[in-house]
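Data block below; observations after.
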Amino acid sequence: MVVKEILCRAIREYAHAAYPEGGSDCAQVARYTLLELAQQIDDGITPDNQCVAISRRPRAMVKAAIEYFYTRQDAAAGTASARQCDLMKGMLRGAVVTGDDLALALAADHAG
């Protein structure tokens with residue numbers, strides 16, 4: 001479930017940062033779309049269902065959200081998370097990512 005938590009957090013944080021309340025109508029639609037998507041992922045991934053389809057339209061924003069999340073994390077902690085970021089973005093191409101996969105990527109990132 002760690003993958004779901006990271007993905008939903010990344011999407012929500014990006015939605016609030018990139019599309020703050022009070023922006024243009026287009027920005028508010030993007031914000032709403034991202035926040036709804038995060039909720040759909042949060043609700044849809046359960047112990048019995050490990051997969052949720054993301055339509056093509058918001059994928060570019062989700063990719064940006066993942067990159068934003070890891071860039072901020074790296075800046076705050078002084079670390080590098082390239083492998084984790086790439087792994088998470090792989091989900092947008094249909095890759096299945098598990099908590100174990102993410103742990104291995106984290107270890108690889110910390111090893112240099």
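Labels for the structure tokens follow display order: chains A, B, ..., residues from 1 in each chain, ligands from 1.
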All alpha helix (DSSP H) positions in range 6-71 of chain A, as JSON, numbers by chain: {"A": [6, 7, 8, 9, 10, 11, 12, 13, 14, 15, 16, 17, 18, 25, 26, 27, 28, 29, 30, 31, 32, 33, 34, 35, 36, 37, 38, 39, 40, 41, 42, 43, 44, 59, 60, 61, 62, 63, 64, 65, 66, 67, 68, 69, 70, 71]}
Range 55-70 of chain A environment, 9 Å, only C-alpha atoms, sequence neighbours closer than 3 positions dropped, as a PDB file with N, CA, C and O atoms, in the first residue's frame:
ATOM      1  N   ILE A   6       2.132   6.905  -1.717  1.00  0.00           N
ATOM      2  CA  ILE A   6       3.046   7.861  -2.358  1.00  0.00           C
ATOM      3  C   ILE A   6       2.379   8.485  -3.579  1.00  0.00           C
ATOM      4  O   ILE A   6       2.435   9.701  -3.778  1.00  0.00           O
ATOM      5  N   LEU A   7       1.754   7.656  -4.409  1.00  0.00           N
ATOM      6  CA  LEU A   7       1.117   8.174  -5.618  1.00  0.00           C
ATOM      7  C   LEU A   7       0.009   9.165  -5.285  1.00  0.00           C
ATOM      8  O   LEU A   7      -0.044  10.259  -5.858  1.00  0.00           O
ATOM      9  N   ARG A   9      -0.424  10.888  -2.512  1.00  0.00           N
ATOM     10  CA  ARG A   9       0.171  12.087  -1.905  1.00  0.00           C
ATOM     11  C   ARG A   9       0.798  12.973  -2.966  1.00  0.00           C
ATOM     12  O   ARG A   9       0.635  14.202  -2.952  1.00  0.00           O
ATOM     13  N   ALA A  10       1.534  12.365  -3.907  1.00  0.00           N
ATOM     14  CA  ALA A  10       2.170  13.138  -4.969  1.00  0.00           C
ATOM     15  C   ALA A  10       1.133  13.889  -5.793  1.00  0.00           C
ATOM     16  O   ALA A  10       1.303  15.078  -6.086  1.00  0.00           O
ATOM     17  N   ILE A  11       0.063  13.223  -6.150  1.00  0.00           N
ATOM     18  CA  ILE A  11      -0.984  13.851  -6.962  1.00  0.00           C
ATOM     19  C   ILE A  11      -1.635  14.990  -6.195  1.00  0.00           C
ATOM     20  O   ILE A  11      -1.832  16.084  -6.734  1.00  0.00           O
ATOM     21  N   ARG A  12      -1.958  14.770  -4.944  1.00  0.00           N
ATOM     22  CA  ARG A  12      -2.627  15.812  -4.150  1.00  0.00           C
ATOM     23  C   ARG A  12      -1.722  17.023  -3.930  1.00  0.00           C
ATOM     24  O   ARG A  12      -2.152  18.168  -4.071  1.00  0.00           O
ATOM     25  N   GLU A  13      -0.458  16.761  -3.571  1.00  0.00           N
ATOM     26  CA  GLU A  13       0.462  17.879  -3.339  1.00  0.00           C
ATOM     27  C   GLU A  13       0.674  18.692  -4.608  1.00  0.00           C
ATOM     28  O   GLU A  13       0.711  19.924  -4.570  1.00  0.00           O
ATOM     29  N   TYR A  14       0.806  17.999  -5.718  1.00  0.00           N
ATOM     30  CA  TYR A  14       0.989  18.688  -6.996  1.00  0.00           C
ATOM     31  C   TYR A  14      -0.259  19.493  -7.364  1.00  0.00           C
ATOM     32  O   TYR A  14      -0.152  20.638  -7.815  1.00  0.00           O
ATOM     33  N   ALA A  15      -1.432  18.917  -7.160  1.00  0.00           N
ATOM     34  CA  ALA A  15      -2.674  19.625  -7.482  1.00  0.00           C
ATOM     35  C   ALA A  15      -2.765  20.938  -6.714  1.00  0.00           C
ATOM     36  O   ALA A  15      -3.120  21.980  -7.286  1.00  0.00           O
ATOM     37  N   ALA A  30      -8.285  21.325 -13.839  1.00  0.00           N
ATOM     38  CA  ALA A  30      -7.119  20.455 -13.686  1.00  0.00           C
ATOM     39  C   ALA A  30      -6.963  20.049 -12.223  1.00  0.00           C
ATOM     40  O   ALA A  30      -6.715  18.872 -11.920  1.00  0.00           O
ATOM     41  N   THR A  33      -9.691  17.575 -11.347  1.00  0.00           N
ATOM     42  CA  THR A  33      -9.416  16.297 -12.000  1.00  0.00           C
ATOM     43  C   THR A  33      -8.363  15.508 -11.222  1.00  0.00           C
ATOM     44  O   THR A  33      -8.518  14.312 -10.976  1.00  0.00           O
ATOM     45  N   LEU A  34      -7.289  16.171 -10.828  1.00  0.00           N
ATOM     46  CA  LEU A  34      -6.228  15.504 -10.084  1.00  0.00           C
ATOM     47  C   LEU A  34      -6.696  15.046  -8.707  1.00  0.00           C
ATOM     48  O   LEU A  34      -6.401  13.918  -8.282  1.00  0.00           O
ATOM     49  N   LEU A  37      -8.904  12.091  -9.141  1.00  0.00           N
ATOM     50  CA  LEU A  37      -8.111  10.924  -9.514  1.00  0.00           C
ATOM     51  C   LEU A  37      -7.425  10.334  -8.293  1.00  0.00           C
ATOM     52  O   LEU A  37      -7.421   9.112  -8.099  1.00  0.00           O
ATOM     53  N   GLN A  73      11.114  16.121  -2.320  1.00  0.00           N
ATOM     54  CA  GLN A  73      11.658  15.224  -1.300  1.00  0.00           C
ATOM     55  C   GLN A  73      13.187  15.279  -1.310  1.00  0.00           C
ATOM     56  O   GLN A  73      13.822  15.368  -0.260  1.00  0.00           O
ATOM     57  N   ASP A  74      13.775  15.238  -2.496  1.00  0.00           N
ATOM     58  CA  ASP A  74      15.228  15.274  -2.615  1.00  0.00           C
ATOM     59  C   ASP A  74      15.797  16.592  -2.111  1.00  0.00           C
ATOM     60  O   ASP A  74      16.831  16.617  -1.439  1.00  0.00           O
ATOM     61  N   ALA A  75      15.132  17.689  -2.434  1.00  0.00           N
ATOM     62  CA  ALA A  75      15.606  19.003  -1.995  1.00  0.00           C
ATOM     63  C   ALA A  75      15.549  19.121  -0.472  1.00  0.00           C
ATOM     64  O   ALA A  75      16.466  19.660   0.149  1.00  0.00           O
ATOM     65  N   ALA A  80      18.872  11.676  -3.405  1.00  0.00           N
ATOM     66  CA  ALA A  80      18.521  11.481  -4.810  1.00  0.00           C
ATOM     67  C   ALA A  80      17.535  10.330  -4.885  1.00  0.00           C
ATOM     68  O   ALA A  80      17.698   9.320  -4.213  1.00  0.00           O
ATOM     69  N   SER A  81      16.511  10.482  -5.698  1.00  0.00           N
ATOM     70  CA  SER A  81      15.460   9.469  -5.798  1.00  0.00           C
ATOM     71  C   SER A  81      15.144   9.115  -7.242  1.00  0.00           C
ATOM     72  O   SER A  81      14.011   8.794  -7.574  1.00  0.00           O
ATOM     73  N   ALA A  82      16.141   9.173  -8.111  1.00  0.00           N
ATOM     74  CA  ALA A  82      15.903   8.960  -9.536  1.00  0.00           C
ATOM     75  C   ALA A  82      15.295   7.592  -9.826  1.00  0.00           C
ATOM     76  O   ALA A  82      14.368   7.477 -10.632  1.00  0.00           O
ATOM     77  N   GLN A  84      13.548   5.627  -7.790  1.00  0.00           N
ATOM     78  CA  GLN A  84      12.181   5.578  -7.267  1.00  0.00           C
ATOM     79  C   GLN A  84      11.229   6.332  -8.200  1.00  0.00           C
ATOM     80  O   GLN A  84      10.146   5.850  -8.520  1.00  0.00           O
ATOM     81  N   CYS A  85      11.659   7.508  -8.616  1.00  0.00           N
ATOM     82  CA  CYS A  85      10.838   8.332  -9.501  1.00  0.00           C
ATOM     83  C   CYS A  85      10.562   7.603 -10.817  1.00  0.00           C
ATOM     84  O   CYS A  85       9.421   7.540 -11.271  1.00  0.00           O
ATOM     85  N   ASP A  86      11.600   7.049 -11.413  1.00  0.00           N
ATOM     86  CA  ASP A  86      11.422   6.323 -12.675  1.00  0.00           C
ATOM     87  C   ASP A  86      10.504   5.117 -12.503  1.00  0.00           C
ATOM     88  O   ASP A  86       9.684   4.830 -13.367  1.00  0.00           O
ATOM     89  N   MET A  88       8.080   4.741 -10.287  1.00  0.00           N
ATOM     90  CA  MET A  88       6.693   5.219 -10.133  1.00  0.00           C
ATOM     91  C   MET A  88       6.126   5.689 -11.471  1.00  0.00           C
ATOM     92  O   MET A  88       4.972   5.421 -11.787  1.00  0.00           O
ATOM     93  N   LYS A  89       6.935   6.377 -12.266  1.00  0.00           N
ATOM     94  CA  LYS A  89       6.454   6.833 -13.581  1.00  0.00           C
ATOM     95  C   LYS A  89       6.191   5.650 -14.503  1.00  0.00           C
ATOM     96  O   LYS A  89       5.369   5.743 -15.410  1.00  0.00           O
ATOM     97  N   LEU A  92       2.675   4.527 -15.298  1.00  0.00           N
ATOM     98  CA  LEU A  92       1.898   5.213 -16.336  1.00  0.00           C
ATOM     99  C   LEU A  92       2.033   4.518 -17.685  1.00  0.00           C
ATOM    100  O   LEU A  92       1.261   4.778 -18.598  1.00  0.00           O
TER     101      LEU A  92
END
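By only C-alpha atoms, and with residues fewer than 4 positions from Met1 in chain A along its chain excluded, the set lying at most 12 Å from it is Glu5, Ile6, Leu7, Cys8, Ile41, Asp42, Asp43, Gly44, Ile45, Thr46, Pro47, Asp48, Asn49, Gln50, Cys51, Val97, Thr98, Gly99, Asp100 and Leu102 of chain A.
Minimum atom-to-atom distance to Ala105 in chain A, evaluated using only C-alpha atoms, belongs to A:Arg83 out of A:Gly78, A:Val3, A:Met91, A:Arg83.
Computed from the coordinates, the CA of Ala38 in chain A to CA of Leu104 in chain A distance equals 24.6 Å.
Picture a line from CA of Gly94 in chain A to CA of Ala53 in chain A; it runs 8.9 Å.
With distances restricted to only C-alpha atoms, A:Thr79 is the closest residue to Ala108 in chain A from A:Gln28, A:Thr71, A:Thr79, A:Gln40.
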Separation of CA of Glu21 in chain A from CA of Arg72 in chain A in Å: 20.7 Å
